[in-house]
Structure formats: C-alpha cells, structure tokens
Amino acid sequence: MSADILPHTLLLATPALAAWFTAGLLAVLALRRPLRALAGPRCAYALWLLPLVAMLASLAAKLWPLAPLRWPALMQTVTVLAHAGSRTSAPVASLLPDWIGALLIGLWLFGSACALLVLLGRYAALRLALRVLPGDTLARHGVEGRHARLHIRRHPAGPALLWALRPLLLLPPDFERRFDATQRWQILHHELCHRAQGDAWWNLLAALLGALFWWHPLRRWAQRAFALDQELACDARLFTSRQRPSLRSYADTLLQAASTLPLPLGSGVSHPRQLKERIAMLAQPRASRARRSSAAALVLALLTGTAFAASHGMAPAPIPLTLGSPQSPVPVVGLTHDVPPRYPLDAVKKHEQGIVYLLILVGSEGHPLEIKQAMAPRTKPAQSLVAAAITAAAQWRFVPAQRDGKAVAAWVKVPIEFKLGDDADKLFKPAARS
C-alpha cells in the first residue's frame with residue numbers, strides 16, 4: 001500500500017477497529033461469569049483474548065497487504081459515476097468534509113499519547129521507589145528450582161509481580177514480620193503462578209490498550225474485571241498444584257495482604273472489594289474435565305468466529321460492472337464499495353466537475369493494494385475531486401482477476417466522473433421565510 005492512500009485507509013480502518021474491539025469487549029463482559037460458573041476461572045480468563053482478536057482481525061483486513069504480484073499486471077477500465085444535485089442521490093449528510101473524521105482521529109491519537117505518557121510517568125516513579133536488599137532471593141525464602149532467580153524488590157504496594165524485561169517480584173518491607181511462614185509460602189507461590197501464566201506481559205498489553213482506548217466508556221469496568229479474572233485464574237492454578245493450601249488459611253492470607261496502593265503494570269493480590277468474590281470462588285468445587293474441555297472448545301470457537309467475522313463479515317455483495325475490455329483473458333468482473341463516492345462540499349459550491357482517472361492495483365483478495373492518479377490529456381480535475389476519488393477507491397472491494405482458475409493481482413484503470421445535476425444549487429439555498 002502506497003503512502004498516498006495510507007491516511008485515507010487509516011481513516012476508514014479506525015471506526016471498524018473501535019467497533020470490533022467494543023463488540024469483543026461486550027461479549028467478554030457478558031460471558032465471563034457464566035463461563036466461570038461452567039468451567040472455572042481459567043477459561044473465563046482466556047476469554048479476554050476476544051477483544052484483541054477482533055481488533056487485530058479488523059485491522060489486518062483493512063491494512064494488511066493481502067496478495068503479492070504473482071502474475072504480470074493487466075490494465076482494464078471500469079467506469080464509475082459520482083452525481084450530485086438531488087437529495088436522493090447526494091444527501092447533505094454525505095457531503096460532510098473528510099477533515100472532520102481526520103480531526104476526530106487526531107484527537108484520539110493525541111489523547112492516547114497523553115495517556116501513554118501518564119502511564120510511563122507512573123511506572124518510572126514506581127521503579128525509582130523500589131528498594132534492593134542484598135541477598136534478598138527466593139532461595140532465602142525457601143523457594144527452589146527454576147523460579148529461584150526471580151529478582152526481588154521491596155515496595156509497600158507488594159506483594160505483586162511487576163512487569164519488566166525480566167519480571168520483578170515486589171514484596172512489602174515488613175514481609176517477614178507481617179506474615180508467618182505458611183502465609184509467606186502462599187504469597188510467593190501465588191506470585192509465581194502469575195509468572196507462569198505470563199501475567200506481567202498481559203498486564204503490559206492491557207495497559208497499552210487502556211491508553212489507546214482512553215475514551216472508551218467501558219475502560220475502567222473492563223480493567224477491574226480483567227484484574228479480577230486474572231487473580232481468580234491464578235488462585236485456581238495454585239489450588240490445582242500438588243501442595244495446595246487450605247482454604248481458610250489462604251483466605252486469611254488474602255485479607256492480610258490486600259493493598260489499595262496503585263500499581264501500574266503489576267499483578268497484585270487485588271483490591272479488598274474483590275476479595276469476597278475471590279474467596280467465594282475458592283469454595284466452589286472444581287469443574288469436571290469434560291466441562292473444562294467443552295468450555296475450552298467454546299472459547300476457541302468464539303475466537304475463530306470473531307476473527308473470521310471481523311475480517312470478512314463487513315464486505316457487501318459484489319455489484320457487477322460493465323468492463324471496457326470484455327475480451328480480456330484476466331477480467332475483473334465486479335466491484336463492491338461501502339459508500340458511493342462523496343461529492344466534496346466545496347466542489348459543489350464552486351460547481352467543479354470532471355473525470356478523475358485512477359490506477360488501482362487489485363490484489364488476489366480483491367483489496368486495493370495501491371492507488372495512483374493517472375493524468376489524462378486535456379483534463380485537470382480539482383484536488384478536492386481527486387482526494388474524494390482516492391478516499392472512495394480505498395473502500396472498494398473488487399472481485400479479483402482470474403488466471404487459470406486462480407485469483408491474481410491486476411491493475412484496473414478507473415475513470416470516476418463527478419457530475420452535478422441541474423438542481424445542485426438547491427442544497428445550499430436558504431429556505432424561504434414565511
């Protein structure tokens with residue numbers, strides 16, 4: 001995809017990205033509790049992949065170059081007309097300038113940059129406040145094996161696992177005085193379960209998504225629900241180990257270790273308000289293997305279906321077009337587009353008309369890979385018409401060219417005619433006063 005159409009493609013991809021992320025988030029918030037009751041908290045925690053998969057699949061469908069050039073390109077011509085002049089063919093709502101969408105995306109990115117700077121500032125302040133005690137290792141606390149090399153730092157927000165290139169285990173300064181030997185064992189192994197699940201990196205991803213979607217009304221609710229599901233999954237992992245603790249002792253440890261201090265990019269024991277739900281979940285009997293397998297298959301089916309729907313579900317049915325070269329051995333037989341070409345508002349006011357010639361490289365999946373303006377003799381269309389033509393063409397989906405029964409890439413020459421009707425002035429005349 002060339003740099004000329006990248007801003008237009010980004011403008012088109014951003015609303016779909018936000019819509020699919022929101023749809024995945026709503027699905028998770030609706031299904032997490034029933035799935036947890038059916039198969040346990042670990043399946044509910046895996047369900048949080050749904051918004052990420054939906055967003056990435058939608059983004060890939062819009063921006064990813066889908067097909068390489070495997071055959072020599074073939075030039076063909078498809079004619080598209082863009083009319084304005086009546087309220088049915090060119091309503092006022094469709095004549096809004098594209099700078100409004102660009103402004104909204106600019107505000108979104110500016111807010112995301114500010115949220116990311118705040119996150120980095122909080123993380124940097126936390127790292128500067130960490131204390132290092134000589135000889136403070138997991139082996140000194142009775143933990144041996146491959147986890148013994150995990151670095152320990154002291155901070156009042158602990159116990160927690162903090163993201164870093166090599167995750168850090170945070171322990172409170174009074175760790176040895178506040179907790180007895182049994183409680184220390186439970187806390188350490190709980191945090192090691194976080195590390196085994198890769199929660200430090202998942203917390204980094206969740207924090208980055210929170211900065212990206214800073215405006216989202218469900219952001220805080222989703223972050224609290226994600227943190228709770230993460231803790232429940234970690235508790236379930238600990239209670240399936242060979243040296244599982246007793247429920248009463250573990251509940252006392254959770255109550256004593258709960259902290260309300262903010263911890264960016266960290267996995268902690270969680271907020272005290274969530275402890276009641278965590279303790280109640282520990283008292284539930286473990287789901288059978290058949291129910292866990294069924295739930296895992298359901299989560300996998302949801303992820304697969306979401307990825308397919310986000311990448312293919314929004315494409316409309318093809319609209320057949322008349323080709324300029326019907327005898328071509330590699331025909332492009334159809335075209336789809338989300339919206340018709342928009343007649344620019346300033347061009348209608350200035351009565352600008354003309355034909356814009358575009359050269360579009362159509363990939364084997366029917367997506368435009370490159371769009372160029374082709375200069376024709378004795379024609380010099382207005383720049384607003386050229387921008388409108390490129391914006392419309394970036395949305396189109398073609399039925400790809402065929403060679404020997406296989407889809408191939410091909411160049412298509414598209415003349416887009418912008419023509420005003422006789423009643424175009426009526427769109428801008430003020431209503432008569434009574």
# chains A, B, ... in the order shown; residues from 1 in each chain; ligands from 1
>>> residues_around(residues="region 246-257 of chain A", least_positions_apart="3", cutoff="10 Å", atoms="only C-alpha atoms", output="list of chain:residue names")
A:Ala157, A:Gly158, A:Pro159, A:Pro172, A:Phe175, A:Arg178, A:Phe179, A:Asp180, A:Thr182, A:Gln183, A:Arg184, A:Gln186, A:Ile187, A:Asp235, A:Phe239, A:Gln243, A:Gly268, A:Val269, A:Ser270, A:His271, A:Pro272, A:Leu275, A:Lys276, A:Arg278, A:Ile279, A:Ala280, A:Leu282, A:Ala283
>>> write_last_selection(atoms="C-alpha atoms", output="compact mmCIF listing (two decimals), in the first residue's frame")
# COMPACT_ATOMS: atom_id res chain seq x y z
CA ALA A 157 2.47 -1.95 47.16
CA GLY A 158 3.65 -5.57 47.32
CA PRO A 159 3.21 -8.44 47.21
CA PRO A 172 6.50 -5.24 51.25
CA PHE A 175 7.13 -9.05 54.64
CA ARG A 178 3.70 -9.27 58.84
CA PHE A 179 3.32 -12.85 57.58
CA ASP A 180 4.20 -16.18 59.13
CA THR A 182 2.81 -20.52 55.84
CA GLN A 183 1.49 -17.20 54.61
CA ARG A 184 4.84 -16.33 53.04
CA GLN A 186 1.28 -18.98 49.87
CA ILE A 187 2.08 -15.43 48.74
CA ASP A 235 -5.90 -18.81 42.54
CA PHE A 239 -5.20 -24.79 44.11
CA GLN A 243 0.90 -28.54 47.53
CA GLY A 268 -1.20 -7.80 42.95
CA VAL A 269 -3.42 -9.53 45.46
CA SER A 270 -6.17 -7.15 44.20
CA HIS A 271 -8.43 -4.60 45.83
CA PRO A 272 -10.22 -5.57 49.10
CA LEU A 275 -11.67 -10.42 47.97
CA LYS A 276 -15.20 -11.54 48.83
CA ARG A 278 -12.34 -14.48 45.22
CA ILE A 279 -12.92 -16.32 48.48
CA ALA A 280 -16.40 -17.40 47.37
CA LEU A 282 -12.34 -20.78 46.04
CA ALA A 283 -15.15 -22.53 47.93
>>> residues_around(residues="Leu300 (chain A)", least_positions_apart="4", cutoff="10 Å", atoms="only C-alpha atoms", output="PyMOL selection string")
chain A and resi 46-47+49-50+294-296+304-306
>>> write_last_selection(atoms="C-alpha atoms", output="mmCIF file, in the first residue's frame")
data_model
loop_
_atom_site.group_PDB
_atom_site.id
_atom_site.type_symbol
_atom_site.label_atom_id
_atom_site.label_comp_id
_atom_site.auth_asym_id
_atom_site.auth_seq_id
_atom_site.Cartn_x
_atom_site.Cartn_y
_atom_site.Cartn_z
ATOM 1 C CA ALA A 46 -8.790 -16.908 28.340
ATOM 2 C CA LEU A 47 -11.953 -15.232 27.045
ATOM 3 C CA LEU A 49 -8.410 -12.652 24.074
ATOM 4 C CA LEU A 50 -11.690 -11.929 22.271
ATOM 5 C CA SER A 294 -16.200 -28.122 26.390
ATOM 6 C CA ALA A 295 -15.596 -24.575 27.624
ATOM 7 C CA ALA A 296 -12.140 -24.503 26.043
ATOM 8 C CA THR A 304 -12.135 -18.245 15.446
ATOM 9 C CA GLY A 305 -15.606 -16.959 14.593
ATOM 10 C CA THR A 306 -14.749 -13.462 15.764
#
>>> closest_atom_pairs(of="region 154-235 of chain A", to="region 19-38 of chain A", cutoff="9 Å", atoms="only C-alpha atoms", output="CSV")
residue,atom,partner,partner_atom,distance
A:His216,CA,A:Thr22,CA,8.5
A:Leu218,CA,A:Leu25,CA,8.3
A:Ala222,CA,A:Leu29,CA,7.5
A:Ala225,CA,A:Leu29,CA,7.9
A:Asp229,CA,A:Arg32,CA,8.4
>>> atom_distance(atom1="CA of Pro167 (chain A)", atom2="CA of Arg195 (chain A)")
7.8 Å
>>> closest_residue(among="A:Gln274, A:Gln395, A:Thr14, A:Ser384", to="Trp108 (chain A)", atoms="only C-alpha atoms")
A:Thr14
>>> select_by_dssp(residues="region 103-337 of chain A", states="alpha helix (DSSP H)", output="PyMOL selection string")
chain A and resi 103-129+175-178+181-196+199-212+219-239+247-257+272-282+289-312
>>> decode(residues="region 358-370 of chain A", atoms="C-alpha atoms", output="short mmCIF file (atom, residue, chain, number, x, y, z; two decimals), in the first residue's frame")
data_model
loop_
_atom_site.label_atom_id
_atom_site.label_comp_id
_atom_site.auth_asym_id
_atom_site.auth_seq_id
_atom_site.Cartn_x
_atom_site.Cartn_y
_atom_site.Cartn_z
CA LEU A 358 -7.22 6.34 -11.06
CA LEU A 359 -4.92 3.36 -11.45
CA ILE A 360 -5.78 0.74 -8.80
CA LEU A 361 -3.72 -2.35 -8.12
CA VAL A 362 -6.29 -5.00 -7.09
CA GLY A 363 -4.85 -7.90 -5.09
CA SER A 364 -5.87 -11.52 -5.34
CA GLU A 365 -8.25 -11.00 -2.39
CA GLY A 366 -9.99 -8.09 -4.10
CA HIS A 367 -8.49 -5.36 -1.89
CA PRO A 368 -6.82 -2.28 -3.40
CA LEU A 369 -3.09 -2.56 -2.77
CA GLU A 370 -2.08 0.70 -4.42
#
